[in-house]
Structure formats: structure tokens, C-alpha cells
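A.B. asks: The structure file coords.cif (mmCIF, C-alpha atoms) is provided below.
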```cif
data_input
#
loop_
_atom_site.label_atom_id
_atom_site.label_comp_id
_atom_site.auth_asym_id
_atom_site.auth_seq_id
_atom_site.Cartn_x
_atom_site.Cartn_y
_atom_site.Cartn_z
CA MET T 112 94.30 95.93 93.13
CA ALA T 113 95.19 99.63 93.05
CA ARG T 114 94.49 101.45 96.27
CA PRO T 115 94.33 105.18 96.93
CA GLY T 116 97.89 106.47 97.35
CA ASP T 117 99.47 103.60 95.44
CA ASP T 118 102.23 104.36 93.03
CA VAL T 119 100.41 104.06 89.74
CA THR T 120 102.56 106.39 87.65
CA GLY T 121 105.99 105.36 88.89
CA HIS T 122 106.93 108.93 89.91
CA ARG T 123 105.81 108.89 93.46
CA LEU T 124 108.14 109.90 96.27
CA ALA T 125 108.06 107.76 99.35
CA ARG T 126 105.55 109.09 101.86
CA GLU T 127 108.30 109.75 104.40
CA ASP T 128 110.30 111.78 101.84
CA VAL T 129 107.28 113.94 101.17
CA ALA T 130 106.78 114.36 104.92
CA ARG T 131 110.41 115.41 105.32
CA LEU T 132 110.14 117.94 102.48
CA TYR T 133 106.99 119.30 104.08
CA THR T 134 108.74 119.72 107.42
CA GLU T 135 111.80 121.34 105.84
CA HIS T 136 110.16 123.63 103.33
CA GLY T 137 106.51 123.88 104.36
CA GLY T 138 107.06 127.22 106.10
CA LEU T 139 108.74 128.82 103.12
CA LEU T 140 106.16 127.44 100.69
CA LEU T 141 103.28 128.63 102.81
CA GLY T 142 105.02 132.02 103.12
CA TYR T 143 105.50 132.17 99.36
CA ALA T 144 101.84 131.31 98.76
CA CYS T 145 100.79 133.89 101.39
CA ALA T 146 102.99 136.53 99.74
CA LEU T 147 101.40 135.80 96.38
CA LEU T 148 97.81 135.47 97.54
CA GLY T 149 97.60 137.72 100.58
CA ASP T 150 95.17 135.25 102.09
CA ARG T 151 96.28 132.60 104.51
CA SER T 152 93.52 130.05 104.15
CA THR T 153 93.75 130.03 100.35
CA ALA T 154 97.54 129.77 100.68
CA GLU T 155 97.14 126.77 102.99
CA ASP T 156 94.79 125.14 100.48
CA VAL T 157 97.32 125.69 97.70
CA VAL T 158 100.19 124.18 99.70
CA GLN T 159 98.05 121.22 100.68
CA GLN T 160 96.97 120.74 97.08
CA VAL T 161 100.57 120.67 95.85
CA PHE T 162 101.67 118.19 98.49
CA SER T 163 98.67 115.92 97.90
CA ARG T 164 99.43 115.86 94.20
CA VAL T 165 103.02 114.86 94.90
CA LEU T 166 101.81 112.19 97.33
CA ARG T 167 99.38 110.81 94.78
CA GLY T 168 102.23 110.63 92.27
CA ASP T 169 100.42 112.95 89.85
CA ILE T 170 103.57 115.00 89.32
CA ALA T 171 107.17 113.96 89.08
CA LEU T 172 109.79 115.72 91.11
CA ARG T 173 112.61 117.19 89.05
CA GLY T 174 115.62 119.26 90.13
CA ALA T 175 116.22 120.70 93.59
CA PRO T 176 113.11 119.90 95.67
CA VAL T 177 112.72 123.40 97.11
CA ALA T 178 112.89 125.06 93.68
CA TYR T 179 110.56 122.41 92.32
CA PHE T 180 108.01 122.99 95.07
CA CYS T 181 108.23 126.77 94.65
CA ARG T 182 107.43 126.31 90.98
CA ALA T 183 104.56 123.99 91.82
CA ILE T 184 103.17 126.48 94.34
CA ARG T 185 103.43 129.26 91.80
CA ASN T 186 101.61 127.20 89.17
CA ALA T 187 98.91 126.27 91.65
CA VAL T 188 98.47 129.94 92.59
CA LEU T 189 98.20 130.93 88.93
CA ASN T 190 95.67 128.15 88.35
CA HIS T 191 93.72 129.21 91.37
CA ARG T 192 93.55 132.76 90.04
CA ARG T 193 92.54 131.58 86.62
CA THR T 194 89.69 129.47 87.93
CA LYS T 195 88.57 132.09 90.39
CA SER T 196 89.19 134.75 87.68
CA ARG T 197 90.06 137.39 90.15
CA GLU T 198 92.98 139.68 90.69
CA VAL T 199 95.12 139.41 93.75
CA GLU T 200 93.36 141.27 96.46
CA LEU T 201 95.86 143.53 98.10
CA ASP T 202 95.26 142.55 101.64
CA GLU T 203 96.59 144.90 104.22
CA HIS T 204 96.32 142.32 106.93
CA ALA T 205 99.46 140.37 107.54
CA THR T 206 98.88 136.64 107.22
CA GLY T 207 101.38 135.75 109.93
CA TRP T 208 103.62 133.54 107.85
CA LEU T 209 106.80 135.09 109.28
CA GLU T 210 107.95 134.05 112.70
CA ALA T 211 109.67 136.94 114.46
CA PRO T 212 112.42 136.74 117.05
CA ARG T 213 111.13 137.57 120.53
CA GLY T 214 110.37 141.26 120.87
CA LEU T 215 110.28 141.90 117.12
CA GLU T 216 106.76 140.59 116.48
CA GLU T 217 105.48 143.98 115.33
CA LEU T 218 108.32 144.26 112.85
CA GLY T 219 107.53 140.82 111.48
CA LEU T 220 103.98 141.89 110.70
CA ALA T 221 105.29 145.14 109.23
CA ILE T 222 107.59 143.21 106.89
CA GLU T 223 104.67 141.12 105.68
CA LYS T 224 102.56 144.20 105.07
CA ALA T 225 105.41 146.05 103.37
CA LEU T 226 105.93 143.09 101.05
CA GLN T 227 102.35 143.44 99.90
CA TYR T 228 103.22 146.93 98.60
CA LEU T 229 105.88 145.56 96.28
CA PRO T 230 104.84 144.65 92.76
CA GLU T 231 104.22 140.91 92.74
CA GLU T 232 107.14 140.18 90.39
CA GLN T 233 109.51 141.81 92.87
CA ARG T 234 107.77 140.43 95.94
CA GLU T 235 108.11 136.80 94.91
CA VAL T 236 111.79 137.20 94.01
CA VAL T 237 112.48 138.77 97.40
CA VAL T 238 110.69 135.94 99.23
CA LEU T 239 112.44 133.21 97.27
CA ARG T 240 115.88 134.82 97.59
CA VAL T 241 115.74 136.02 101.21
CA TRP T 242 113.77 133.22 102.87
CA GLY T 243 114.06 130.43 100.30
CA GLN T 244 117.79 131.16 99.81
CA LEU T 245 117.41 130.12 96.20
CA THR T 246 120.06 131.25 93.72
CA PHE T 247 119.06 133.72 91.02
CA GLN T 248 119.43 130.89 88.53
CA GLU T 249 117.00 128.70 90.50
CA ILE T 250 114.56 131.58 90.84
CA ALA T 251 114.85 132.23 87.11
CA GLU T 252 113.89 128.62 86.44
CA THR T 253 111.04 128.77 88.91
CA LEU T 254 109.61 131.91 87.33
CA GLU T 255 110.66 131.07 83.79
CA ALA T 256 112.34 134.47 83.48
CA PRO T 257 115.95 135.42 82.60
CA ALA T 258 118.34 135.41 85.54
CA ASN T 259 119.36 139.04 84.89
CA THR T 260 115.77 140.14 85.08
CA VAL T 261 115.36 138.23 88.31
CA ALA T 262 118.47 139.87 89.79
CA SER T 263 117.25 143.34 88.92
CA ARG T 264 113.73 142.66 90.25
CA TYR T 265 115.42 141.61 93.45
CA ARG T 266 117.48 144.80 93.69
CA TYR T 267 114.44 147.00 93.12
CA GLY T 268 112.25 144.98 95.42
CA LEU T 269 114.74 144.89 98.25
CA ALA T 270 115.37 148.65 97.98
CA LYS T 271 111.67 149.35 98.08
CA LEU T 272 111.17 147.08 101.05
CA ARG T 273 113.97 148.84 102.86
CA ASN T 274 112.42 152.25 102.15
CA LEU T 275 109.07 151.05 103.44
CA LEU T 276 110.61 149.76 106.64
CA GLN T 277 112.90 152.73 107.28
CA PRO T 278 110.29 154.73 109.21
CA LEU T 279 110.26 151.86 111.69
CA GLY T 280 113.95 152.32 112.34
CA VAL T 281 115.13 149.49 110.10
CA ASP T 282 118.18 150.17 108.02
CA MET E 99 125.62 143.67 96.57
CA ASP E 100 127.04 146.16 99.03
CA SER E 101 127.49 145.55 102.71
CA SER E 102 124.39 147.53 103.70
CA THR E 103 122.34 145.23 101.48
CA ASP E 104 123.94 142.23 103.15
CA ARG E 105 123.05 143.74 106.50
CA PHE E 106 119.46 144.28 105.46
CA GLU E 107 119.22 140.70 104.14
CA SER E 108 120.57 139.37 107.43
CA PHE E 109 118.06 141.49 109.29
CA LEU E 110 115.23 140.07 107.20
CA ARG E 111 116.47 136.52 107.71
CA GLN E 112 116.08 136.80 111.47
CA PHE E 113 112.42 136.42 110.59
CA ARG E 114 111.74 132.90 109.47
CA PRO E 115 108.85 131.36 107.61
CA ARG E 116 106.66 129.87 110.28
CA PRO E 117 106.35 126.11 109.87
CA PRO E 118 102.80 125.23 108.88
CA ALA E 119 100.68 123.96 111.73
CA SER E 120 99.96 120.27 111.48
CA PRO E 121 96.73 119.92 109.53
CA ASP E 122 93.55 120.51 111.47
CA TRP E 123 91.18 117.76 110.37
CA SER E 124 88.32 118.99 112.47
CA PHE E 125 85.46 118.60 110.01
CA ARG E 126 82.97 120.47 112.10
CA GLN E 127 85.01 123.65 111.77
CA SER E 128 85.92 123.21 108.14
CA ARG E 129 84.61 125.79 105.70
CA HIS E 130 84.33 122.99 103.12
CA VAL E 131 81.59 121.19 105.02
CA ILE E 132 78.13 121.12 103.44
CA THR E 133 75.37 122.19 105.79
CA SER E 134 72.15 122.17 103.76
CA GLU E 135 70.28 119.91 101.35
CA LYS E 136 70.37 122.72 98.80
CA GLU E 137 74.20 122.70 98.75
CA LEU E 138 74.22 118.92 98.65
CA ARG E 139 71.77 118.77 95.73
CA GLU E 140 73.88 121.29 93.83
CA VAL E 141 76.79 118.85 94.04
CA VAL E 142 75.00 115.51 93.66
CA GLY E 143 71.81 116.25 91.74
CA THR E 144 68.45 114.52 92.19
CA PRO E 145 67.66 110.79 92.12
CA SER E 146 66.21 109.17 89.02
CA ALA E 147 62.49 108.39 89.00
CA ARG E 148 63.36 104.71 89.41
CA ALA E 149 65.53 105.34 92.44
CA ALA E 150 62.81 107.51 93.97
CA GLN E 151 60.04 104.96 93.29
CA LYS E 152 61.75 101.82 94.54
CA GLU E 153 60.93 102.39 98.18
CA ARG E 154 58.25 100.04 99.63
CA SER E 155 56.48 100.35 102.95
CA VAL E 156 55.97 96.60 103.26
CA ILE E 157 57.96 93.42 102.65
CA ASP E 158 56.84 92.31 99.19
CA GLU E 159 57.65 88.92 97.63
CA HIS E 160 61.03 90.13 96.31
CA CYS E 161 62.14 91.53 99.64
CA ARG E 162 60.92 88.36 101.38
CA ALA E 163 62.90 86.18 98.97
CA PHE E 164 66.02 88.23 99.65
CA ILE E 165 65.62 87.97 103.44
CA GLU E 166 64.98 84.23 103.23
CA ARG E 167 68.29 83.72 101.41
CA SER E 168 70.32 86.08 103.55
CA PRO E 169 72.66 84.62 106.19
CA PHE E 170 73.95 88.01 107.32
CA LEU E 171 72.80 91.51 108.12
CA LEU E 172 74.07 94.68 109.70
CA MET E 173 71.82 96.33 112.28
CA ALA E 174 72.13 100.06 112.96
CA THR E 175 70.65 101.46 116.14
CA SER E 176 70.72 104.85 117.73
CA ALA E 177 70.73 106.04 121.31
CA PRO E 178 68.37 108.83 122.39
CA ASP E 179 71.23 111.32 122.01
CA GLY E 180 71.62 110.32 118.36
CA SER E 181 74.87 108.41 118.76
CA CYS E 182 74.84 105.23 116.68
CA ASP E 183 76.03 101.64 116.70
CA VAL E 184 76.17 99.09 113.93
CA SER E 185 76.43 95.41 114.70
CA PRO E 186 76.59 92.29 112.54
CA LYS E 187 74.06 89.45 112.87
CA GLY E 188 74.56 86.16 111.09
CA ASP E 189 73.38 82.56 110.97
CA VAL E 190 72.05 80.08 108.45
CA PRO E 191 70.34 81.66 105.40
CA GLY E 192 66.81 82.63 106.32
CA PHE E 193 67.60 82.95 110.03
CA VAL E 194 65.52 86.11 110.08
CA LEU E 195 61.85 85.16 110.21
CA VAL E 196 59.41 87.00 108.00
CA LEU E 197 56.14 86.84 109.97
CA ASP E 198 54.06 88.85 107.53
CA ASP E 199 54.58 91.82 105.21
CA ARG E 200 55.38 94.17 108.10
CA HIS E 201 57.01 92.03 110.77
CA LEU E 202 60.45 90.42 111.07
CA VAL E 203 62.17 88.56 113.88
CA ILE E 204 65.96 88.52 114.29
CA PRO E 205 66.96 85.83 116.81
CA ASP E 206 69.67 86.97 119.17
CA ARG E 207 72.65 84.63 119.45
CA PRO E 208 75.33 84.96 122.13
CA GLY E 209 77.60 87.91 121.39
CA ASN E 210 80.10 89.92 123.37
CA LYS E 211 77.50 90.94 125.98
CA ARG E 212 78.27 94.61 125.48
CA LEU E 213 74.67 94.95 124.29
CA ASP E 214 75.37 98.27 122.56
CA GLY E 215 72.58 97.72 120.03
CA MET E 216 70.08 96.30 122.55
CA MET E 217 70.64 99.15 125.00
CA ASN E 218 69.90 101.59 122.20
CA LEU E 219 66.70 99.73 121.29
CA ILE E 220 65.39 99.90 124.85
CA ALA E 221 65.53 103.68 124.66
CA ASN E 222 64.99 104.28 120.95
CA PRO E 223 63.24 101.70 118.74
CA HIS E 224 64.46 103.02 115.36
CA VAL E 225 66.61 100.55 113.42
CA GLY E 226 68.23 100.32 110.01
CA LEU E 227 68.99 96.87 108.62
CA LEU E 228 71.17 95.95 105.66
CA PHE E 229 70.78 92.37 104.42
CA LEU E 230 73.50 90.65 102.37
CA VAL E 231 73.39 87.53 100.22
CA PRO E 232 76.87 86.15 99.42
CA GLY E 233 77.83 86.77 95.80
CA ARG E 234 74.93 89.13 95.29
CA GLU E 235 76.00 92.74 94.75
CA GLU E 236 72.70 94.35 95.66
CA THR E 237 71.73 94.64 99.32
CA LEU E 238 68.33 94.95 100.92
CA ARG E 239 67.69 97.92 103.15
CA VAL E 240 64.98 97.67 105.76
CA ASN E 241 64.15 100.49 108.16
CA GLY E 242 61.64 100.44 110.92
CA GLN E 243 61.21 100.18 114.66
CA ALA E 244 62.25 97.28 116.82
CA TRP E 245 61.69 95.85 120.27
CA ILE E 246 63.50 93.16 122.23
CA THR E 247 61.15 90.23 122.78
CA ARG E 248 61.18 86.97 124.72
CA ASP E 249 57.94 85.63 123.21
CA PRO E 250 58.47 81.85 123.58
CA GLY E 251 56.41 81.09 120.47
CA LEU E 252 58.77 83.17 118.33
CA LEU E 253 61.95 81.96 120.05
CA GLN E 254 60.89 78.33 119.44
CA ARG E 255 60.83 79.03 115.71
CA SER E 256 64.53 79.98 115.75
CA VAL E 257 66.07 76.82 117.19
CA VAL E 258 69.47 76.07 115.60
CA ARG E 259 71.58 73.06 116.61
CA GLY E 260 69.06 72.38 119.35
CA LYS E 261 69.62 75.79 120.92
CA THR E 262 66.72 78.16 121.46
CA PRO E 263 67.69 81.82 121.56
CA VAL E 264 66.98 83.61 124.82
CA LEU E 265 65.93 86.82 123.12
CA ALA E 266 64.93 88.08 119.70
CA ILE E 267 64.52 91.45 118.06
CA GLY E 268 61.08 92.02 116.59
CA VAL E 269 61.03 94.58 113.80
CA GLU E 270 58.05 96.52 112.49
CA VAL E 271 58.97 97.45 108.94
CA GLU E 272 58.40 100.98 107.63
CA GLN E 273 60.68 101.10 104.59
CA CYS E 274 62.11 98.36 102.44
CA PHE E 275 64.07 98.54 99.18
CA LEU E 276 66.99 97.10 97.23
CA HIS E 277 70.19 99.10 97.33
CA CYS E 278 72.14 99.22 94.06
CA ALA E 279 75.31 97.22 93.46
CA LYS E 280 77.76 100.05 92.83
CA ALA E 281 79.60 99.88 96.17
CA PHE E 282 80.03 96.11 95.86
CA ARG E 283 81.07 96.36 92.26
CA ARG E 284 83.64 99.08 92.94
CA SER E 285 85.05 97.27 95.95
CA GLN E 286 85.00 93.89 94.14
CA LEU E 287 83.91 92.51 97.47
CA TRP E 288 82.74 89.14 96.19
CA GLN E 289 85.69 88.64 93.80
CA HIS E 290 87.64 85.90 95.53
CA ASP E 291 90.72 86.50 93.40
CA GLN E 292 90.86 90.08 94.72
CA TRP E 293 90.76 89.10 98.36
CA PRO E 294 93.87 89.83 100.39
CA ALA E 295 95.72 87.03 102.16
CA ALA E 296 93.99 86.01 105.38
CA ASP E 297 97.01 87.07 107.45
CA ILE E 298 97.25 90.58 105.99
CA LEU E 299 96.05 91.88 109.37
CA PRO E 300 97.19 90.68 112.78
CA SER E 301 94.84 88.30 114.58
CA MET E 302 92.16 89.62 116.93
CA ALA E 303 94.15 88.12 119.84
CA CYS E 304 97.26 90.07 118.79
CA VAL E 305 95.34 93.32 118.42
CA LEU E 306 93.54 93.00 121.76
CA PHE E 307 96.72 91.98 123.52
CA ASP E 308 98.48 95.02 122.08
CA GLN E 309 95.62 97.37 122.96
CA ILE E 310 94.96 96.09 126.49
CA ARG E 311 98.47 94.97 127.51
CA PRO E 312 97.10 92.68 130.22
CA GLU E 313 99.34 91.78 133.14
CA GLY E 314 100.08 88.13 133.94
CA VAL E 315 98.51 86.86 130.74
CA THR E 316 100.32 85.76 127.59
CA LEU E 317 99.34 86.25 123.97
CA GLN E 318 98.88 82.46 123.75
CA ASP E 319 96.34 82.65 126.60
CA TYR E 320 94.42 85.26 124.64
CA GLU E 321 94.51 83.21 121.44
CA ARG E 322 93.33 80.06 123.21
CA ASP E 323 90.58 81.88 125.08
CA ILE E 324 89.21 83.55 121.95
CA GLU E 325 89.22 80.30 119.95
CA GLU E 326 87.51 78.43 122.80
CA GLY E 327 84.85 81.11 122.90
CA TYR E 328 84.18 80.62 119.20
CA ALA E 329 84.04 76.86 119.60
CA ARG E 330 81.86 76.68 122.72
CA ARG E 331 79.74 79.77 122.73
CA LEU E 332 78.60 80.11 119.11
CA TYR E 333 74.97 79.31 120.03
#
```
Now, as a test, write the supplied structure out as C-alpha cells.
C.D. replies:
Amino acid sequence: MARPGDDVTGHRLAREDVARLYTEHGGLLLGYACALLGDRSTAEDVVQQVFSRVLRGDIALRGAPVAYFCRAIRNAVLNHRRTKSREVELDEHATGWLEAPRGLEELGLAIEKALQYLPEEQREVVVLRVWGQLTFQEIAETLEAPANTVASRYRYGLAKLRNLLQPLGVD
Amino acid sequence: MDSSTDRFESFLRQFRPRPPASPDWSFRQSRHVITSEKELREVVGTPSARAAQKERSVIDEHCRAFIERSPFLLMATSAPDGSCDVSPKGDVPGFVLVLDDRHLVIPDRPGNKRLDGMMNLIANPHVGLLFLVPGREETLRVNGQAWITRDPGLLQRSVVRGKTPVLAIGVEVEQCFLHCAKAFRRSQLWQHDQWPAADILPSMACVLFDQIRPEGVTLQDYERDIEEGYARRLY
């Protein structure tokens, strides 16, 4: 008799593997979703949704797990927007997805806010490259865009972020 | 990338994505929780005319037949503060007496003496009963108010194996209706071939021993004691 959570499709990762991936990459994925959505509770829902689908075996894991999960998060965000049919609300409030070293908490929030001023296509590349440490090739696959394009979005995005943070003494 | 870019990247990487908090399953604070009948109806819809009309305020011949063939029921009670208990009651089919179309008697057999349900009844007479008949996928729901009685005339009518119960629960029926089979059908509860092996869960003795971790007592003592209780104190 099939029970909830049983492997019915044959693609399911073991529960403990999913838990490990969540521990290792949950922060980045939540940060990525926050950077895309500008809203923490929706971002949490999206991350939870992706992990529950993997747990249920609804989707098969292919390629490097972190790149795979980034792609899944991105798809879930796009779906969410489609169903809610609304544009990203530019939210000036930081969502608190970045953990700052002691004494730099204000800067952490400033980085999050500054990111929101980048065009989304640059913002997501910056998040995936800086904090996800994905290669341009992996990011290109995640976003389904050419690697050159990704590299140039990164250059522009990073430069803009740096300009935005300069008044705070960051160089 | 030039070295100042590298420096900026390193600066940014001092900030790390915060690991997500472990999920907060507190339902009462969840924004997904439904808090009004209006919201609920929007999700579920309204009952069919048949489902709305099936409720009876008395025990008719069909309900009586069901109770007379039922060897098992679940009794829900509620304390004055609203907290609830559900406890199983079982004996030979028809162990619950149907006195007339509004009155039932459930004899009380020895249990664990915690008296959770009885204590609730002393303070709050409302009960919900769910009668089962083995193999039958519908259940009978009976709601009403109940009192603990020691009326000897009633107790005498519930003698089993020569044992007269010490107490009984007298129920005044307010609502009575058949509950549809969907839950039983989905769960395949009466499908023997779907039943798990009897040892799929550890024995009650094992569980209690693990939970209580008694000193100076072995698991075998627990097993023997529990089995003796079943053998000697069933009635």
C-alpha cells in the first residue's frame, strides 16, 4: 500500500540526503528567493515548496544539487509570480537573509537593500556567484542564458552594488 | 577580474546566507489557518441535501439495528475547559443497551482506572459516540449528554461471563446519523490483505518500558504483568 512520502516515481532522494542538502544550501536558497521576491515569508514558502516536492519524489534531481535547487527555486518563484500575476514589489525593507559578522550588521542590511536596486537579472547572478559560488557556466544553465551574458550581467551588477555601497565606506 | 573586484567579492562573502530557521509548525500562529466558517465554506462548499437531511434526533430502527450489531465504539468527552478525550469501549455485539428511542446504556468494564472520560462526564455531560460494525464501512454517530449511573436494574442487564458491571454510562441522545464510508474505503481498514504484520510496531510492554524506564524491573516483568492484566481483569 502506498503511503504519503513513499517513493512512487523512483526519483526520490533519501530523506536524510534531502535534509543534508537543506542544511548545506538552505541559507543560500532562501537568500536567493528573498533576493528575487523581496518578501521573506513568500520566499520561505517557495523554499519549503521546492524541498517538499523533492521529498515527495515529484521531481528528479539532475546535475550539481546546488545548481539544481537554484533552478528549482527560480522556477517556483516564476510560477508564484504567474499565479499571483503581480510584479516583484520592490521592497525597501531588508529581509534579513544575510548574516553579518559581528559589528557589521548595519552593512549586511545595506547590502540586502542595495541588491534590491539592481535589475533582477543582475541581482540573481550576483547572489548565485558571490554567495552560491556557482560558476558562470552553472549560472547560465540555471537561468537558461548564455554564459557570456551571465558574466557581463555579473560585472555590471557587481559594479553597481559597489557604487551603491561606496557612501557607506565600502570599497 | 581585477584585484579590487576580488577584494569586493571577499568583502561581500564575509556576509553569509543565514541558515533557515527550523520550521515553525505552530499552527495557531500560521497565516494559513482558517478562522471562519465563511473561509471554510469557500474551500469545501456546502453539504448535499441528503447529507444535510440525514440527521435524526432519535434512535430510529436503522440506528438501533446498527447499535445492536456493534461490538465497539469510541466515546469522546470534553472537560469544562474544552479539552477532550476519546476512549474505546468494546464487548460482545449489542453490549450497548438501547432502552428506547432516546436512551442508551454503555456498561463500564474495568479499564486503566485513569477515568479520563468519566471525570469529564462528571463536569460536562456532552458526549460524542462513534459506533463501528466490523466489515461495515459506514459508522454511526450519536451525540448527546451522558451521566454515570449505578442503577442496579440497568447494571443487571449487562452481565457478561457472570460479571455485573459496577458502573454504566447512560446517554440521552440528541443527534444520530450514519457517517459515510469514505474514510474506511480510503484507508482500506477492513481489507485484511492490506493489514500490516502484527509485529510492525513494538509491543505495548516495550513502548512503556522505553518511555518509563522503570528501575529494578525488567522488560519481561512488564510483558508478564500486562498479559496477566488482560487475562484476569477483562471483566
A.B. asks: Quick one: residues within 12 Å of Leu276 (chain T), only C-alpha atoms, excluding same-chain residues fewer than 5 positions away - as a ChimeraX atom specification?
C.D. replies: /T:217-226,228,269-271,281-282 /E:106,109-110
A.B. asks: Which residues, written as a list in words, have at least one atom at most 12 Å from region 141-149 of chain E, with only C-alpha atoms counted and residues fewer than 3 positions away on the same chain left out?
C.D. replies: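 What passes the distance filter is Ile132, Ser134, Glu135, Lys136, Glu137, Leu138, Lys152, Glu153, Arg154, Phe275, Leu276, His277 and Cys278 of chain E.
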A.B. asks: Within 7 Å of region 184-189 of chain T, counting all atoms listed in the file, which residues qualify if same-chain residues fewer than 6 places away don't, as a PyMOL selection string?
C.D. replies: chain T and resi 144+157-158+161
A.B. asks: Keeping only C-alpha atoms, write those residues as an mmCIF file, keeping the file's coordinate frame.
C.D. replies:
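Printed below is out.cif as written:
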```cif
data_model
loop_
_atom_site.group_PDB
_atom_site.id
_atom_site.type_symbol
_atom_site.label_atom_id
_atom_site.label_comp_id
_atom_site.auth_asym_id
_atom_site.auth_seq_id
_atom_site.Cartn_x
_atom_site.Cartn_y
_atom_site.Cartn_z
ATOM 1 C CA ALA T 144 101.840 131.310 98.760
ATOM 2 C CA VAL T 157 97.320 125.690 97.700
ATOM 3 C CA VAL T 158 100.190 124.180 99.700
ATOM 4 C CA VAL T 161 100.570 120.670 95.850
#
```
A.B. asks: Using the chain letters and numbers from this file, what does the PyMOL selection byres ((chain T) within 9 of (chain E)) select? Give the answer as a PDB file with C-alpha atoms, in the frame of the given file.
C.D. replies:
```
ATOM      1  CA  MET T 112      94.300  95.930  93.130  1.00  0.00           C
ATOM      2  CA  TYR T 133     106.990 119.300 104.080  1.00  0.00           C
ATOM      3  CA  THR T 134     108.740 119.720 107.420  1.00  0.00           C
ATOM      4  CA  GLU T 135     111.800 121.340 105.840  1.00  0.00           C
ATOM      5  CA  HIS T 136     110.160 123.630 103.330  1.00  0.00           C
ATOM      6  CA  GLY T 137     106.510 123.880 104.360  1.00  0.00           C
ATOM      7  CA  GLY T 138     107.060 127.220 106.100  1.00  0.00           C
ATOM      8  CA  LEU T 139     108.740 128.820 103.120  1.00  0.00           C
ATOM      9  CA  LEU T 140     106.160 127.440 100.690  1.00  0.00           C
ATOM     10  CA  LEU T 141     103.280 128.630 102.810  1.00  0.00           C
ATOM     11  CA  GLY T 142     105.020 132.020 103.120  1.00  0.00           C
ATOM     12  CA  TYR T 143     105.500 132.170  99.360  1.00  0.00           C
ATOM     13  CA  GLU T 155      97.140 126.770 102.990  1.00  0.00           C
ATOM     14  CA  GLY T 207     101.380 135.750 109.930  1.00  0.00           C
ATOM     15  CA  TRP T 208     103.620 133.540 107.850  1.00  0.00           C
ATOM     16  CA  LEU T 209     106.800 135.090 109.280  1.00  0.00           C
ATOM     17  CA  GLU T 210     107.950 134.050 112.700  1.00  0.00           C
ATOM     18  CA  ALA T 211     109.670 136.940 114.460  1.00  0.00           C
ATOM     19  CA  PRO T 212     112.420 136.740 117.050  1.00  0.00           C
ATOM     20  CA  LEU T 215     110.280 141.900 117.120  1.00  0.00           C
ATOM     21  CA  GLY T 219     107.530 140.820 111.480  1.00  0.00           C
ATOM     22  CA  ILE T 222     107.590 143.210 106.890  1.00  0.00           C
ATOM     23  CA  VAL T 241     115.740 136.020 101.210  1.00  0.00           C
ATOM     24  CA  TRP T 242     113.770 133.220 102.870  1.00  0.00           C
ATOM     25  CA  ARG T 266     117.480 144.800  93.690  1.00  0.00           C
ATOM     26  CA  LEU T 269     114.740 144.890  98.250  1.00  0.00           C
ATOM     27  CA  ALA T 270     115.370 148.650  97.980  1.00  0.00           C
ATOM     28  CA  ARG T 273     113.970 148.840 102.860  1.00  0.00           C
ATOM     29  CA  VAL T 281     115.130 149.490 110.100  1.00  0.00           C
ATOM     30  CA  ASP T 282     118.180 150.170 108.020  1.00  0.00           C
TER      31      ASP T 282
END
```
A.B. asks: Counting all atoms listed in the file, I want the residues whose atoms come within 9 Å of (119.2, 140.0, 91.7) in the file frame, returned as JSON, numbers by chain.
C.D. replies: {"T": [236, 237, 240, 247, 258, 259, 260, 261, 262, 263, 264, 265, 266, 267], "E": [99]}
A.B. asks: Counting only C-alpha atoms, what is within 7 Å of Gln273 (chain E), bar same-chain residues fewer than 4 positions away, as a PyMOL selection string?
C.D. replies: chain E and resi 153-156+240-242
A.B. asks: Within 8 Å of region 206-209 of chain E, counting all atoms listed in the file, which residues qualify if same-chain residues fewer than 2 places away don't, as a PDB file with C-alpha atoms, keeping the file's coordinate frame?
C.D. replies:
```pdb
ATOM      1  CA  ILE E 204      65.960  88.520 114.290  1.00  0.00           C
ATOM      2  CA  LYS E 211      77.500  90.940 125.980  1.00  0.00           C
ATOM      3  CA  ARG E 212      78.270  94.610 125.480  1.00  0.00           C
ATOM      4  CA  PRO E 263      67.690  81.820 121.560  1.00  0.00           C
ATOM      5  CA  VAL E 264      66.980  83.610 124.820  1.00  0.00           C
ATOM      6  CA  LEU E 265      65.930  86.820 123.120  1.00  0.00           C
ATOM      7  CA  ALA E 266      64.930  88.080 119.700  1.00  0.00           C
ATOM      8  CA  ILE E 267      64.520  91.450 118.060  1.00  0.00           C
ATOM      9  CA  ARG E 331      79.740  79.770 122.730  1.00  0.00           C
ATOM     10  CA  LEU E 332      78.600  80.110 119.110  1.00  0.00           C
ATOM     11  CA  TYR E 333      74.970  79.310 120.030  1.00  0.00           C
TER      12      TYR E 333
END
```
A.B. asks: Can you sort out the box for region 100-111 of chain E, edges along x, y and z, all listed atoms in, 4 Å on every side, with centre and edge lengths in Å to one decimal, as AutoDock Vina command-line options?
C.D. replies:
```
--center_x 121.4 --center_y 142.0 --center_z 104.2 --size_x 20.3 --size_y 19.0 --size_z 18.3
```
A.B. asks: Quick one, how far is CA of Lys195 (chain T) from CA of Gln160 (chain T)?
C.D. replies: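 Distance reported for this atom pair: 15.6 Å.
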A.B. asks: So how many Å separate CA of His224 (chain E) and CA of Ser168 (chain E), to one decimal?
C.D. replies: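 Going from CA of His224 (chain E) over to CA of Ser168 (chain E), I get 21.5 Å.
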A.B. asks: Using only C-alpha atoms, which residue out of T:Glu255, T:Glu249, T:Glu216, T:Asp128 lies closest to Leu172 (chain T)?
C.D. replies: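 With only C-alpha atoms as the atom set, the closest residue is T:Asp128.
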A.B. asks: Go through E:Leu238, E:Leu219, E:Asp249, E:Arg126 one by one, measure the shortest atom-to-atom distance of each to Ala163 (chain E) using all atoms listed in the file, and give the residue with the smallest value.
C.D. replies: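 Nearest candidate to Ala163 (chain E) out of E:Leu238, E:Leu219, E:Asp249, E:Arg126: E:Leu238.
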A.B. asks: How many Å lie between CA of Arg255 (chain E) and CA of Val194 (chain E), rounded to one decimal?
C.D. replies: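 Atom-to-atom, CA of Arg255 (chain E) and CA of Val194 (chain E) are spaced 10.2 Å apart.
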A.B. asks: Around the point (107.0, 139.0, 91.4), in the coordinates given by the file, pick out the residues reaching within 10 Å, counting all atoms listed in the file, and return them as number ranges by chain.
C.D. replies: T: 146-147, 229-239, 254, 261, 264-265, 268
A.B. asks: Any chance you could resolve the PyMOL selection byres ((chain E and resi 258) around 10) against this file and give the residues as a list in words?
C.D. replies: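 So the PyMOL selection byres ((chain E and resi 258) around 10), applied here, picks out Asp189, Val190, Phe193, Arg207, Gln254, Arg255, Ser256, Val257, Arg259, Gly260, Lys261, Thr262, Pro263 and Tyr333 of chain E.
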A.B. asks: Return as a list in words the set of residues that the PyMOL selection byres ((chain E and resi 172-186) around 7) yields on the displayed structure.
C.D. replies: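 Checked against the file, the PyMOL selection byres ((chain E and resi 172-186) around 7) matches Leu171, Lys187, Gly188, Asp214, Gly215, Asn218, Leu219, Ala221, Asn222, His224, Val225, Gly226, Leu227, Leu228 and Phe229 of chain E.
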A.B. asks: Pick from T:Arg182, T:Arg126, T:Arg131, T:His191: nearest to Leu166 (chain T), with all atoms listed in the file counted?
C.D. replies: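 The closest residue to Leu166 (chain T) is T:Arg126.
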